[in-house]
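File shown: input01.cif. Contents: mmCIF, C-alpha atoms.
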```cif
data_coords
loop_
_atom_site.label_atom_id
_atom_site.label_comp_id
_atom_site.auth_asym_id
_atom_site.auth_seq_id
_atom_site.Cartn_x
_atom_site.Cartn_y
_atom_site.Cartn_z
CA MET A 9 -84.95 47.92 18.49
CA SER A 10 -83.27 44.60 19.14
CA LEU A 11 -83.98 41.15 17.78
CA SER A 12 -86.31 38.64 19.37
CA VAL A 13 -86.17 35.03 18.25
CA ASN A 14 -88.84 32.42 18.67
CA PHE A 15 -88.06 28.74 18.00
CA ILE A 16 -90.94 26.30 17.53
CA VAL A 17 -90.67 22.61 16.68
CA LYS A 18 -93.38 21.23 14.40
CA GLU A 19 -92.92 17.55 13.52
CA SER A 20 -89.52 17.36 11.80
CA VAL A 21 -89.34 21.11 11.21
CA LEU A 22 -87.70 23.85 13.25
CA LEU A 23 -89.57 27.13 12.81
CA VAL A 24 -87.40 30.19 13.40
CA ARG A 25 -89.46 33.38 13.75
CA LEU A 26 -87.46 36.60 13.79
CA GLU A 27 -88.80 39.93 15.03
CA GLY A 28 -87.02 43.28 15.06
CA GLU A 29 -83.62 44.14 13.62
CA LEU A 30 -80.92 41.69 12.56
CA ASP A 31 -77.45 43.24 12.35
CA HIS A 32 -73.92 42.13 13.25
CA HIS A 33 -74.60 42.70 16.96
CA GLU A 34 -77.63 40.38 16.94
CA ALA A 35 -76.20 37.90 14.43
CA THR A 36 -73.73 36.35 16.86
CA ASN A 37 -76.40 35.45 19.45
CA LEU A 38 -78.80 34.27 16.78
CA ARG A 39 -76.23 31.87 15.33
CA GLU A 40 -75.45 30.36 18.73
CA GLU A 41 -79.12 29.93 19.72
CA TRP A 42 -80.02 28.53 16.32
CA GLN A 43 -77.18 25.99 16.35
CA ALA A 44 -78.14 24.93 19.90
CA GLN A 45 -81.78 24.43 18.83
CA LEU A 46 -80.75 22.26 15.89
CA ALA A 47 -78.52 20.17 18.16
CA GLN A 48 -81.08 19.82 20.98
CA ASN A 49 -84.18 18.97 19.01
CA ASN A 50 -84.62 16.02 16.76
CA VAL A 51 -85.37 18.17 13.74
CA GLY A 52 -83.84 18.65 10.34
CA HIS A 53 -85.78 20.97 8.05
CA VAL A 54 -85.85 24.66 8.92
CA ILE A 55 -88.35 27.39 8.07
CA VAL A 56 -87.21 30.94 8.71
CA ASN A 57 -90.13 33.34 9.07
CA LEU A 58 -89.13 36.97 8.47
CA GLU A 59 -92.62 38.50 8.62
CA LYS A 60 -91.77 40.71 11.60
CA LEU A 61 -88.17 41.41 10.68
CA THR A 62 -87.99 45.18 10.17
CA PHE A 63 -84.30 45.47 9.31
CA MET A 64 -81.51 43.24 8.08
CA ASP A 65 -78.01 43.91 6.75
CA SER A 66 -75.28 41.70 5.28
CA SER A 67 -74.55 40.20 8.71
CA GLY A 68 -78.03 38.65 8.50
CA LEU A 69 -77.22 37.24 5.08
CA GLY A 70 -74.09 35.68 6.60
CA VAL A 71 -76.07 33.90 9.34
CA MET A 72 -78.70 32.61 6.88
CA LEU A 73 -76.06 31.36 4.48
CA GLY A 74 -74.11 29.73 7.33
CA ARG A 75 -77.17 27.80 8.58
CA TYR A 76 -78.21 26.91 5.02
CA LYS A 77 -74.83 25.27 4.41
CA GLU A 78 -75.01 23.26 7.65
CA ILE A 79 -78.63 22.17 7.11
CA GLN A 80 -78.01 21.23 3.50
CA ALA A 81 -74.83 19.32 4.34
CA ALA A 82 -76.88 17.24 6.81
CA GLY A 83 -79.34 16.41 4.01
CA TRP A 84 -82.22 18.68 5.09
CA GLU A 85 -83.97 21.68 3.57
CA MET A 86 -84.21 25.32 4.58
CA ILE A 87 -87.02 27.61 3.42
CA ILE A 88 -87.27 31.35 4.03
CA CYS A 89 -90.78 32.82 4.13
CA SER A 90 -92.78 36.06 4.55
CA VAL A 91 -89.99 38.36 3.36
CA SER A 92 -90.77 42.09 3.26
CA PRO A 93 -89.89 44.04 0.08
CA GLU A 94 -87.07 45.86 1.91
CA VAL A 95 -85.40 42.67 3.14
CA ARG A 96 -86.11 41.00 -0.20
CA ARG A 97 -83.90 43.55 -2.01
CA LEU A 98 -80.93 42.43 0.06
CA PHE A 99 -81.55 38.76 -0.71
CA ASP A 100 -81.94 39.57 -4.41
CA LEU A 101 -78.67 41.48 -4.44
CA SER A 102 -76.86 38.53 -2.87
CA GLY A 103 -78.45 35.99 -5.23
CA MET A 104 -79.39 33.91 -2.21
CA PHE A 105 -82.80 32.86 -3.53
CA LYS A 106 -80.99 31.07 -6.34
CA ILE A 107 -80.00 28.49 -3.72
CA VAL A 108 -82.42 28.91 -0.79
CA ARG A 109 -86.14 28.27 -1.39
CA LEU A 110 -88.60 31.08 -0.76
CA ALA A 111 -92.27 30.79 0.32
CA ASP A 112 -95.01 33.41 0.65
CA ASN A 113 -95.88 32.37 4.18
CA GLU A 114 -95.31 29.76 6.87
CA ASP A 115 -98.26 27.56 5.80
CA PHE A 116 -96.95 27.29 2.23
CA ALA A 117 -93.46 26.57 3.53
CA LEU A 118 -94.80 23.76 5.75
CA GLN A 119 -96.68 22.31 2.76
CA MET A 120 -93.51 22.42 0.67
CA LEU A 121 -91.87 20.27 3.34
CA GLY A 122 -94.84 17.90 3.46
CA VAL A 123 -96.00 18.96 6.93
CA ALA A 124 -99.70 19.73 7.52
CA SER A 125 -100.07 23.19 9.07
CA MET B 16 -81.69 73.45 4.08
CA LYS B 17 -78.11 72.69 5.13
CA ASN B 18 -77.30 70.74 8.25
CA HIS B 19 -74.39 68.75 9.64
CA MET B 20 -73.75 66.39 12.54
CA LYS B 21 -70.79 64.45 13.86
CA ILE B 22 -70.79 61.80 16.56
CA GLU B 23 -68.08 59.61 18.02
CA PHE B 24 -68.79 56.28 19.68
CA SER B 25 -66.96 53.25 21.05
CA SER B 26 -66.19 50.43 18.67
CA ILE B 27 -68.79 48.03 20.09
CA SER B 28 -71.49 46.24 18.17
CA GLN B 29 -74.35 47.73 20.27
CA ASN B 30 -73.54 51.06 18.60
CA GLU B 31 -74.44 49.78 15.11
CA SER B 32 -78.12 50.42 15.84
CA LEU B 33 -77.29 53.78 17.42
CA ALA B 34 -75.56 54.85 14.18
CA ARG B 35 -78.56 53.78 12.07
CA VAL B 36 -81.07 55.55 14.27
CA ALA B 37 -78.95 58.72 14.48
CA VAL B 38 -78.69 59.04 10.68
CA ALA B 39 -82.35 58.10 10.11
CA SER B 40 -83.45 60.74 12.59
CA PHE B 41 -81.07 63.38 11.18
CA ILE B 42 -82.35 63.01 7.61
CA SER B 43 -86.03 62.71 8.52
CA PRO B 44 -86.76 66.41 7.77
CA LEU B 45 -86.03 65.57 4.11
CA ASN B 46 -89.00 63.18 4.08
CA PRO B 47 -87.19 60.17 2.58
CA THR B 48 -89.34 57.35 1.22
CA VAL B 49 -89.42 54.07 3.15
CA ASP B 50 -87.07 52.56 0.54
CA GLU B 51 -84.61 55.45 0.76
CA LEU B 52 -84.62 55.29 4.54
CA THR B 53 -84.04 51.52 4.50
CA ASP B 54 -81.18 51.92 2.00
CA ILE B 55 -79.49 54.55 4.12
CA LYS B 56 -79.92 52.63 7.38
CA THR B 57 -78.50 49.53 5.66
CA VAL B 58 -75.38 51.24 4.29
CA VAL B 59 -74.67 52.95 7.63
CA SER B 60 -74.96 49.56 9.29
CA GLU B 61 -72.57 48.01 6.75
CA ALA B 62 -69.91 50.70 7.05
CA VAL B 63 -70.05 50.89 10.86
CA THR B 64 -69.91 47.08 11.12
CA ASN B 65 -66.84 47.10 8.85
CA ALA B 66 -65.13 49.68 11.07
CA ILE B 67 -65.84 47.64 14.20
CA ILE B 68 -64.99 44.15 12.97
CA HIS B 69 -62.40 44.78 10.27
CA GLY B 70 -60.90 48.15 11.23
CA TYR B 71 -60.67 47.49 14.95
CA GLU B 72 -61.24 43.71 15.18
CA GLU B 73 -63.82 44.43 17.92
CA ASN B 74 -61.45 46.35 20.19
CA ALA B 75 -63.94 48.26 22.36
CA GLU B 76 -61.33 50.83 23.41
CA GLU B 77 -61.30 52.33 19.90
CA LYS B 78 -63.60 54.98 18.44
CA VAL B 79 -65.69 55.23 15.30
CA ILE B 80 -66.66 58.63 13.85
CA LEU B 81 -69.93 59.15 12.02
CA GLU B 82 -70.67 62.36 10.14
CA CYS B 83 -73.72 63.28 8.14
CA SER B 84 -74.39 66.37 6.03
CA ILE B 85 -77.52 67.36 4.18
CA ASP B 86 -77.79 70.05 1.55
CA GLN B 87 -81.25 70.30 -0.01
CA SER B 88 -81.94 66.71 -1.03
CA GLN B 89 -78.26 65.65 -1.14
CA ILE B 90 -77.02 63.43 1.68
CA GLU B 91 -73.39 62.72 2.49
CA ILE B 92 -72.39 60.25 5.21
CA ILE B 93 -68.82 59.68 6.39
CA ILE B 94 -67.80 56.71 8.54
CA GLU B 95 -64.23 56.78 9.76
CA ASP B 96 -62.01 54.53 11.85
CA PHE B 97 -58.32 54.69 12.76
CA GLY B 98 -57.75 50.96 12.67
CA LYS B 99 -55.83 48.52 10.55
CA GLY B 100 -56.98 49.74 7.13
CA ILE B 101 -57.80 47.79 3.98
CA GLU B 102 -54.93 45.99 2.27
CA ASP B 103 -56.42 46.00 -1.22
CA ILE B 104 -59.51 48.16 -1.79
CA GLU B 105 -60.32 46.67 -5.21
CA VAL B 106 -60.38 43.15 -3.77
CA ALA B 107 -62.45 44.30 -0.78
CA ARG B 108 -65.06 45.76 -3.15
CA GLU B 109 -65.60 42.47 -4.98
CA PRO B 110 -68.98 40.86 -4.24
CA LEU B 111 -68.75 37.92 -1.82
CA TYR B 112 -65.13 38.69 -0.89
CA THR B 113 -64.50 38.57 2.84
CA SER B 114 -61.29 38.64 4.85
CA LYS B 115 -63.13 36.83 7.65
CA PRO B 116 -64.98 33.79 6.22
CA GLU B 117 -64.64 32.01 9.59
CA TRP B 118 -66.83 34.74 11.13
CA GLU B 119 -69.67 33.97 8.71
CA ARG B 120 -69.34 37.28 6.91
CA SER B 121 -71.25 37.36 3.64
CA GLY B 122 -68.78 39.61 1.82
CA MET B 123 -71.65 41.78 0.58
CA GLY B 124 -70.97 44.99 2.52
CA PHE B 125 -69.38 47.11 -0.21
CA THR B 126 -71.68 45.65 -2.89
CA ILE B 127 -74.68 46.78 -0.84
CA MET B 128 -73.18 50.24 -0.30
CA GLU B 129 -72.52 50.63 -4.03
CA ASN B 130 -76.01 49.46 -4.99
CA PHE B 131 -77.93 51.49 -2.43
CA MET B 132 -76.02 54.79 -2.77
CA ASP B 133 -75.14 57.03 -5.73
CA GLN B 134 -71.47 57.18 -4.84
CA VAL B 135 -69.10 55.32 -2.52
CA ASP B 136 -65.60 56.60 -1.90
CA ILE B 137 -63.11 54.53 0.09
CA GLN B 138 -59.92 56.04 1.48
CA SER B 139 -57.76 53.61 3.41
CA LYS B 140 -54.17 53.30 4.61
CA GLU B 141 -52.77 50.25 6.33
CA ASN B 142 -52.49 50.79 10.09
CA LYS B 143 -53.88 54.33 9.72
CA GLY B 144 -57.55 53.68 9.15
CA THR B 145 -60.43 53.81 6.71
CA ARG B 146 -62.76 56.61 5.70
CA ILE B 147 -65.89 55.76 3.73
CA THR B 148 -67.88 58.57 2.11
CA LEU B 149 -71.39 57.64 0.97
CA SER B 150 -73.55 60.04 -1.06
CA LYS B 151 -77.10 59.91 -2.25
CA GLN B 152 -79.58 62.32 -3.77
CA LEU B 153 -83.10 61.81 -2.46
CA THR B 154 -85.83 61.82 -5.07
CA SER B 155 -88.62 62.31 -2.60
CA THR B 156 -88.01 65.63 -0.90
CA LYS B 157 -91.08 67.15 -2.46
CA ALA B 158 -93.32 64.31 -1.31
CA ILE B 159 -96.76 65.44 -0.22
CA CYS B 160 -97.93 64.42 3.22
CA ASN B 161 -101.44 63.03 3.34
#
```

Please re-express this file's structure in structure tokens.
Amino acid sequence: MSLSVNFIVKESVLLVRLEGELDHHEATNLREEWQAQLAQNNVGHVIVNLEKLTFMDSSGLGVMLGRYKEIQAAGWEMIICSVSPEVRRLFDLSGMFKIVRLADNEDFALQMLGVAS
Amino acid sequence: MKNHMKIEFSSISQNESLARVAVASFISPLNPTVDELTDIKTVVSEAVTNAIIHGYEENAEEKVILECSIDQSQIEIIIEDFGKGIEDIEVAREPLYTSKPEWERSGMGFTIMENFMDQVDIQSKENKGTRITLSKQLTSTKAICN
């Protein structure tokens, strides 16, 4: 199963919905598409929705951390939401939720950024 | 039950998912839990990715070998490449260490392998290759189907 990526712009927020499996093979494309979306659209904050992500390895962590650094350096926020227990273990191991904010779902994440859902 | 398989595939990133699916399918008769299956798929993905990007630096002409053995509830997985090898294994094992920060690597591969498996053995020689042996005892082989 490959990865499908859906980008949606909501006010000043770029929603990134991931579905399928995120490994090294998929990570390269995801990074390029994601960076293009941030450049094209007049958005800053990012919400990454992992509800339908069935698999992720450390290559996925690398992409998330890479975008987090770019978004934060530009003065915006990134929130990750709807993380399954399996994917959550990987984030916990990496300590990533010590720096990246986590939300239960997309609506909560939007509220955290002050956007009505 | 004892069983063994060995496959060889080209060093291309498309084959990372092939390796995960092959191992997941091979161990399915042992009835692993969802967590155990996820752990095993993750470590296979990590080791195969390492072989492709670090061992062979994405040279598609090269070959990766994947072996898996099961003996009762004991699983052993071997991932081998004949690439550039690891200069310093102790450094490579450190969490967040990566030799390729410009490629957005997280440096978590070996940490994940060590956390998700019972034992991780790394044999590596510069310009000869790397052989990773991952072992895990499943706790769930007597799980009842409902």

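Those residues of chain B that fall within 8 Å of chain A when using all atoms listed in the file read Ser28, Gln29, Glu31, Ser32, Asp50, Thr53, Thr57, Ser60, Glu61, Thr64, Glu119, Arg120, Ser121, Gly122, Met123, Gly124 and Ile127 of chain B.
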
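For the atom pair formed by CA of Phe41 (chain B) and CA of Gln134 (chain B), the distance is 19.7 Å, given to one decimal.
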
Using CA of Glu51 (chain B) and CA of Ile147 (chain B) as the two end points, give the distance in Å to one decimal.
-> 19.0 Å

Given only C-alpha atoms as the counted atoms, nearest of B:Asp96, B:Glu73, B:Asp133, B:Glu117 to Thr154 (chain B) =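 Between B:Asp96, B:Glu73, B:Asp133, B:Glu117, the residue approaching Thr154 (chain B) most closely is B:Asp133.
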
Hey, can you check how far CA of Glu91 (chain B) sits from CA of Thr126 (chain B)?
-> 18.0 Å

May I ask which of the residues B:Asn18, B:Met128, B:Ile101, B:Leu52 is the closest one to Ser114 (chain B), counting only C-alpha atoms?
->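 Smallest distance to Ser114 (chain B) is found for B:Ile101.
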
I would like the residues chosen by the PyMOL selection byres ((chain B and resi 34) around 8) on the shown file; could you give them as a PyMOL selection string?
-> chain B and resi 30-33+35-38+59-60+63+81

Within 12 Å of Ala44 (chain A) using only C-alpha atoms, minus same-chain residues under 5 positions, as a list in words | Phe15, Leu22, Asn37, Leu38, Arg39, Asn49, Asn50, Val51 and Arg75 of chain A

I would like the residues chosen by the PyMOL selection byres ((chain B and resi 68) around 10) on the shown file; could you give them as number ranges by chain?
-> A: 32; B: 26-28, 63-67, 69-74, 98, 115, 118

To test your reading of the syntax: which residues would the PyMOL selection byres ((chain B and resi 83-85) around 10) return for the file shown? Reply as a short mmCIF file (atom, residue, chain, number, x, y, z; two decimals) with C-alpha atoms, keeping the file's coordinate frame.
```
data_model
loop_
_atom_site.label_atom_id
_atom_site.label_comp_id
_atom_site.auth_asym_id
_atom_site.auth_seq_id
_atom_site.Cartn_x
_atom_site.Cartn_y
_atom_site.Cartn_z
CA MET B 16 -81.69 73.45 4.08
CA LYS B 17 -78.11 72.69 5.13
CA ASN B 18 -77.30 70.74 8.25
CA HIS B 19 -74.39 68.75 9.64
CA MET B 20 -73.75 66.39 12.54
CA LYS B 21 -70.79 64.45 13.86
CA ILE B 22 -70.79 61.80 16.56
CA ALA B 37 -78.95 58.72 14.48
CA VAL B 38 -78.69 59.04 10.68
CA PHE B 41 -81.07 63.38 11.18
CA ILE B 42 -82.35 63.01 7.61
CA PRO B 44 -86.76 66.41 7.77
CA LEU B 45 -86.03 65.57 4.11
CA LEU B 81 -69.93 59.15 12.02
CA GLU B 82 -70.67 62.36 10.14
CA ASP B 86 -77.79 70.05 1.55
CA GLN B 87 -81.25 70.30 -0.01
CA SER B 88 -81.94 66.71 -1.03
CA GLN B 89 -78.26 65.65 -1.14
CA ILE B 90 -77.02 63.43 1.68
CA GLU B 91 -73.39 62.72 2.49
CA ILE B 92 -72.39 60.25 5.21
CA ILE B 93 -68.82 59.68 6.39
CA ILE B 94 -67.80 56.71 8.54
CA THR B 148 -67.88 58.57 2.11
CA LEU B 149 -71.39 57.64 0.97
CA SER B 150 -73.55 60.04 -1.06
CA LYS B 151 -77.10 59.91 -2.25
CA GLN B 152 -79.58 62.32 -3.77
#
```

Long-range neighbours of region 118-122 of chain A as a list in words, 9 Å cut-off, all atoms listed in the file, 6 positions minimum in chain =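 After dropping sequence-adjacent residues, the list is Val21, His53, Ile55, Glu85, Ile87 and Ala111 of chain A.
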